[in-house]
file work-v8.cif (mmCIF, C-alpha atoms)
data_upload
#
loop_
_atom_site.label_atom_id
_atom_site.label_comp_id
_atom_site.auth_asym_id
_atom_site.auth_seq_id
_atom_site.Cartn_x
_atom_site.Cartn_y
_atom_site.Cartn_z
CA MET A 1 4.42 9.06 -18.72
CA SER A 2 2.20 11.59 -17.01
CA ILE A 3 1.21 14.82 -18.74
CA LEU A 4 1.45 16.56 -15.38
CA THR A 5 4.43 18.72 -14.58
CA ALA A 6 5.23 18.82 -10.89
CA PRO A 7 7.75 21.26 -9.46
CA SER A 8 11.23 19.91 -8.98
CA GLU A 9 12.77 19.87 -5.53
CA GLY A 10 14.52 23.15 -6.30
CA GLU A 11 11.32 24.78 -7.59
CA ALA A 12 8.97 23.65 -4.81
CA THR A 13 7.76 26.29 -2.38
CA GLY A 14 5.51 26.49 0.67
CA LEU A 15 3.65 23.35 1.66
CA THR A 16 4.93 21.44 -1.37
CA ALA A 17 8.51 22.14 -0.33
CA GLU A 18 7.69 20.89 3.18
CA ILE A 19 6.21 17.66 1.78
CA TYR A 20 9.28 17.12 -0.40
CA ALA A 21 11.60 17.80 2.56
CA ALA A 22 9.75 15.22 4.67
CA ASP A 23 10.26 12.57 1.97
CA VAL A 24 13.94 13.44 1.61
CA LYS A 25 14.31 13.11 5.38
CA SER A 26 12.47 9.78 5.62
CA MET A 27 13.42 8.15 2.30
CA GLY A 28 16.39 10.06 0.97
CA TYR A 29 14.60 11.24 -2.18
CA VAL A 30 11.24 12.53 -3.45
CA PRO A 31 9.35 9.78 -5.30
CA SER A 32 7.43 10.58 -8.46
CA HIS A 33 4.16 9.72 -6.71
CA THR A 34 4.78 12.39 -4.06
CA LYS A 35 5.50 14.96 -6.73
CA ALA A 36 2.32 14.15 -8.64
CA MET A 37 0.04 14.06 -5.61
CA SER A 38 1.61 17.20 -4.15
CA LEU A 39 0.18 19.24 -7.00
CA ASN A 40 -2.63 19.58 -4.45
CA PRO A 41 -0.48 19.78 -1.30
CA GLU A 42 -3.42 20.28 1.06
CA ALA A 43 -5.00 17.03 -0.14
CA HIS A 44 -1.64 15.27 0.19
CA VAL A 45 -1.34 16.39 3.82
CA VAL A 46 -4.84 15.07 4.54
CA TRP A 47 -3.93 11.79 2.80
CA GLU A 48 -0.86 11.41 5.00
CA ALA A 49 -2.93 12.11 8.13
CA LEU A 50 -5.53 9.53 7.07
CA THR A 51 -2.97 6.80 6.46
CA GLN A 52 -1.25 7.61 9.75
CA ALA A 53 -4.55 7.34 11.63
CA ILE A 54 -5.33 3.98 10.01
CA SER A 55 -1.84 2.48 10.40
CA SER A 56 -1.45 3.58 14.01
CA SER A 57 -4.77 1.96 14.87
CA LEU A 58 -4.30 -1.22 12.85
CA GLY A 59 -0.59 -1.62 13.54
CA LEU A 60 2.19 -1.17 11.02
CA ARG A 61 2.61 -4.85 10.08
CA ARG A 62 -1.08 -5.40 9.39
CA TYR A 63 -1.36 -2.05 7.60
CA GLU A 64 1.54 -2.86 5.28
CA LEU A 65 0.30 -6.39 4.54
CA VAL A 66 -3.18 -5.10 3.66
CA THR A 67 -1.60 -2.34 1.57
CA LEU A 68 0.60 -4.80 -0.35
CA ALA A 69 -2.37 -7.10 -1.04
CA ALA A 70 -4.61 -4.26 -2.22
CA ALA A 71 -1.87 -2.71 -4.36
CA GLN A 72 -1.16 -6.04 -6.04
CA ALA A 73 -4.86 -6.65 -6.72
CA ILE A 74 -5.17 -3.20 -8.30
CA GLY A 75 -1.99 -3.64 -10.33
CA SER A 76 -0.19 -0.72 -8.70
CA SER A 77 3.55 -1.15 -9.18
CA HIS A 78 4.11 2.26 -7.55
CA CYS A 79 2.53 1.24 -4.27
CA ARG A 80 3.93 -2.31 -4.30
CA LEU A 81 7.47 -0.95 -4.62
CA ALA A 82 7.05 1.91 -2.14
CA HIS A 83 5.37 -0.23 0.49
CA GLY A 84 7.66 -3.17 -0.18
CA LYS A 85 10.54 -0.88 0.77
CA LYS A 86 8.67 0.31 3.90
CA THR A 87 7.84 -3.28 4.87
CA LEU A 88 11.54 -4.20 4.90
CA THR A 89 11.74 -2.38 8.24
CA ILE A 90 9.41 -4.94 9.84
CA ILE A 91 9.69 -8.11 7.72
CA ASP A 92 12.94 -9.63 6.46
CA GLU A 93 13.54 -9.69 2.72
CA GLU A 94 13.27 -13.45 2.29
CA GLN A 95 9.79 -13.59 3.81
CA LEU A 96 8.72 -10.40 2.02
CA ILE A 97 9.70 -11.96 -1.31
CA ALA A 98 7.56 -15.00 -0.45
CA ILE A 99 4.65 -12.74 0.57
CA ALA A 100 4.96 -10.72 -2.61
CA ARG A 101 4.95 -13.83 -4.79
CA ASP A 102 2.03 -15.58 -3.03
CA PHE A 103 0.98 -14.58 0.46
CA HIS A 104 -1.11 -17.76 0.76
CA HIS A 105 2.09 -19.83 0.85
CA ALA A 106 4.45 -17.47 2.68
CA GLY A 107 4.14 -18.89 6.19
CA LEU A 108 1.84 -16.12 7.43
CA PRO A 109 -0.63 -16.77 10.25
CA PRO A 110 -4.16 -17.57 9.00
CA GLU A 111 -5.56 -14.27 10.27
CA GLU A 112 -3.06 -12.30 8.17
CA VAL A 113 -3.93 -14.34 5.08
CA ALA A 114 -7.64 -13.69 5.78
CA MET A 115 -7.17 -9.92 5.98
CA MET A 116 -5.08 -9.92 2.79
CA ASP A 117 -7.74 -11.97 0.97
CA TYR A 118 -10.31 -9.42 2.18
CA ALA A 119 -8.16 -6.56 0.80
CA VAL A 120 -7.89 -8.35 -2.56
CA LYS A 121 -11.66 -8.83 -2.78
CA LEU A 122 -12.32 -5.22 -1.79
CA SER A 123 -9.90 -4.14 -4.53
CA THR A 124 -11.29 -6.39 -7.26
CA ASP A 125 -14.98 -6.98 -6.50
CA ALA A 126 -16.19 -4.65 -3.74
CA ALA A 127 -19.74 -4.60 -5.11
CA SER A 128 -20.18 -8.30 -4.29
CA MET A 129 -19.00 -7.99 -0.68
CA ASN A 130 -21.47 -8.68 2.12
CA ASP A 131 -21.59 -9.63 5.79
CA ASP A 132 -19.93 -12.97 5.05
CA ASP A 133 -16.72 -11.17 4.12
CA SER A 134 -16.46 -9.27 7.39
CA ARG A 135 -17.72 -12.34 9.28
CA GLN A 136 -14.68 -14.25 7.98
CA LEU A 137 -12.46 -11.60 9.54
CA ARG A 138 -14.37 -11.79 12.81
CA GLU A 139 -13.96 -15.59 12.81
CA ALA A 140 -10.22 -15.03 12.26
CA GLY A 141 -10.20 -13.09 15.54
CA PHE A 142 -10.51 -9.46 14.43
CA SER A 143 -12.55 -6.95 16.42
CA ASP A 144 -15.06 -4.60 14.82
CA ARG A 145 -12.51 -1.77 15.01
CA GLU A 146 -9.86 -3.95 13.34
CA ILE A 147 -12.31 -4.96 10.59
CA ALA A 148 -13.09 -1.29 9.99
CA ASP A 149 -9.35 -0.47 9.93
CA ILE A 150 -8.58 -3.29 7.47
CA THR A 151 -11.38 -1.99 5.25
CA LEU A 152 -10.13 1.59 5.50
CA ALA A 153 -6.54 0.55 4.73
CA ALA A 154 -7.56 -1.36 1.60
CA ALA A 155 -10.00 1.32 0.45
CA ALA A 156 -7.43 4.08 1.01
CA ARG A 157 -4.90 2.14 -1.06
CA ASN A 158 -7.46 1.89 -3.84
CA TYR A 159 -7.88 5.67 -3.80
CA PHE A 160 -4.17 6.47 -3.95
CA SER A 161 -3.11 3.67 -6.31
CA ARG A 162 -5.90 4.33 -8.77
CA ALA A 163 -5.08 8.05 -8.82
CA LEU A 164 -1.44 7.24 -9.67
CA LEU A 165 -2.49 4.82 -12.38
CA ALA A 166 -5.00 7.28 -13.86
CA LEU A 167 -2.38 10.03 -13.98
CA ALA A 168 0.22 7.69 -15.55
CA VAL A 169 2.74 8.69 -12.89
CA GLU A 170 6.27 7.62 -13.72
CA LEU A 171 7.40 4.51 -11.84
CA ASP A 172 10.55 4.78 -9.77
CA VAL A 173 12.26 2.06 -7.78
CA PRO A 174 13.10 3.06 -4.21
CA PRO A 175 16.78 2.80 -3.28
CA GLY A 176 17.51 -0.35 -1.31
CA VAL A 177 15.05 -2.63 -3.11
CA SER A 178 17.08 -5.59 -4.37
CA PRO A 179 16.49 -6.97 -7.87
CA GLU A 180 14.99 -10.14 -6.31
CA LEU A 181 12.53 -8.16 -4.20
CA GLN A 182 11.70 -5.87 -7.11
CA ASP A 183 10.94 -8.90 -9.29
CA ALA A 184 8.70 -10.40 -6.60
CA LEU A 185 6.84 -7.13 -5.97
CA LEU A 186 6.20 -6.64 -9.67
CA SER A 187 5.22 -10.25 -10.43
CA ALA A 188 1.70 -11.17 -11.47
CA PRO A 189 -0.64 -11.95 -8.58
CA PRO A 190 -1.52 -15.57 -7.91
CA GLN A 191 -4.94 -16.85 -8.90
CA ALA A 192 -7.78 -16.13 -6.46
CA GLY A 193 -8.13 -18.63 -3.67
CA GLY A 194 -4.36 -19.22 -3.43
#

call {"tool": "encode", "arguments": {"input": "work-v8.cif", "output": "structure tokens"}}
result
Amino acid sequence: MSILTAPSEGEATGLTAEIYAADVKSMGYVPSHTKAMSLNPEAHVVWEALTQAISSSLGLRRYELVTLAAAQAIGSSHCRLAHGKKTLTIIDEEQLIAIARDFHHAGLPPEEVAMMDYAVKLSTDAASMNDDDSRQLREAGFSDREIADITLAAAARNYFSRALLALAVELDVPPGVSPELQDALLSAPPQAGG
């Protein structure tokens, strides 16, 4: 449990209250991760703008797949659950469960598996990455801009997920995540190389 004390929805004022209201409007509640990161509301607004810029360029499906892969590699249950819920708007639950359990064997196109493998490596061993890693994405058909966006999406997830883990933010399960999907999203990642 985090030592931080964030304002409740009734106590929030100013920009923090606006951030909370946006989450209530889009998700129906204010997650614990929003409360923790809104202790610096200006940084939270910039974070939201950054992720919007990356996802609108990369495309929502690719952004969410990269995010799920990076979050799993980091061990971020917060981000796996939150983005699992978001991904339900674009991928049906049965396939999302398969992706969450092992994206290598979930019927994804090879280029999506390649970008998810890239996100895992960035999240677990970024110091060893070199031109061969981005060359694999290029050979999978990605443009330079898409390679940059995949990198930014995975790196951004590392920033946010690691901050939540470091602050020991309480884990909450978003409404609408079935027990089966929750189990898949929280399962241990498969061994490298699928």

call {"tool": "closest_residue", "arguments": {"input": "work-v8.cif", "among": "A:Met27, A:Met37, A:Glu48, A:Ile74", "to": "Ser2 in chain A", "atoms": "only C-alpha atoms"}}
result
A:Met37

call {"tool": "atom_distance", "arguments": {"input": "work-v8.cif", "atom1": "CA of Ser161 in chain A", "atom2": "CA of Glu93 in chain A"}}
result
23.2 Å

call {"tool": "closest_atom_pairs", "arguments": {"input": "work-v8.cif", "of": "range 8-68 of chain A", "to": "range 100-118 of chain A", "cutoff": "12 Å", "atoms": "only C-alpha atoms", "output": "tab-separated table"}}
result
residue	atom	partner	partner_atom	distance
A:Leu58	CA	A:Met115	CA	11.5
A:Arg61	CA	A:Glu112	CA	9.6
A:Arg62	CA	A:Glu112	CA	7.3
A:Tyr63	CA	A:Met115	CA	9.9
A:Glu64	CA	A:Met116	CA	10.0
A:Leu65	CA	A:Met116	CA	6.7
A:Val66	CA	A:Met116	CA	5.3
A:Thr67	CA	A:Met116	CA	8.4
A:Leu68	CA	A:Ala100	CA	7.7

call {"tool": "closest_residue", "arguments": {"input": "work-v8.cif", "among": "A:Arg145, A:Arg157, A:Lys25, A:His78", "to": "Ala119 in chain A", "atoms": "all atoms listed in the file"}}
result
A:Arg157

call {"tool": "resolve_selection", "arguments": {"input": "work-v8.cif", "expression": "the PyMOL selection byres ((chain A and resi 185) around 7)", "output": "ChimeraX atom specification"}}
result
/A:80-81,100,181-184,186-187

call {"tool": "atom_distance", "arguments": {"input": "work-v8.cif", "atom1": "CA of His44 in chain A", "atom2": "CA of Thr5 in chain A"}}
result
16.3 Å

call {"tool": "residues_near_point", "arguments": {"input": "work-v8.cif", "point": "(10.2, 5.7, -4.7)", "cutoff": "7 Å", "atoms": "all atoms listed in the file", "output": "tab-separated table (two decimals) with C-alpha atoms, in the frame of the given file"}}
result
chain	number	residue	atom	x	y	z
A	31	PRO	CA	9.35	9.78	-5.30
A	32	SER	CA	7.43	10.58	-8.46
A	82	ALA	CA	7.05	1.91	-2.14
A	172	ASP	CA	10.55	4.78	-9.77
A	173	VAL	CA	12.26	2.06	-7.78
A	174	PRO	CA	13.10	3.06	-4.21

call {"tool": "atom_distance", "arguments": {"input": "work-v8.cif", "atom1": "CA of Ser128 in chain A", "atom2": "CA of Ala155 in chain A"}}
result
14.8 Å

call {"tool": "closest_residue", "arguments": {"input": "work-v8.cif", "among": "A:Ile54, A:Leu122, A:Val177, A:Ile90", "to": "Leu152 in chain A", "atoms": "all atoms listed in the file"}}
result
A:Ile54

call {"tool": "closest_residue", "arguments": {"input": "work-v8.cif", "among": "A:Ala98, A:Ile150, A:Ala17, A:Ala6", "to": "Arg138 in chain A", "atoms": "all atoms listed in the file"}}
result
A:Ile150

call {"tool": "residues_around", "arguments": {"input": "work-v8.cif", "residues": "Val30 in chain A", "least_positions_apart": "6", "cutoff": "9 Å", "atoms": "all atoms listed in the file", "output": "JSON, numbers by chain"}}
result
{"A": [9, 19, 20, 21, 22, 23, 24]}
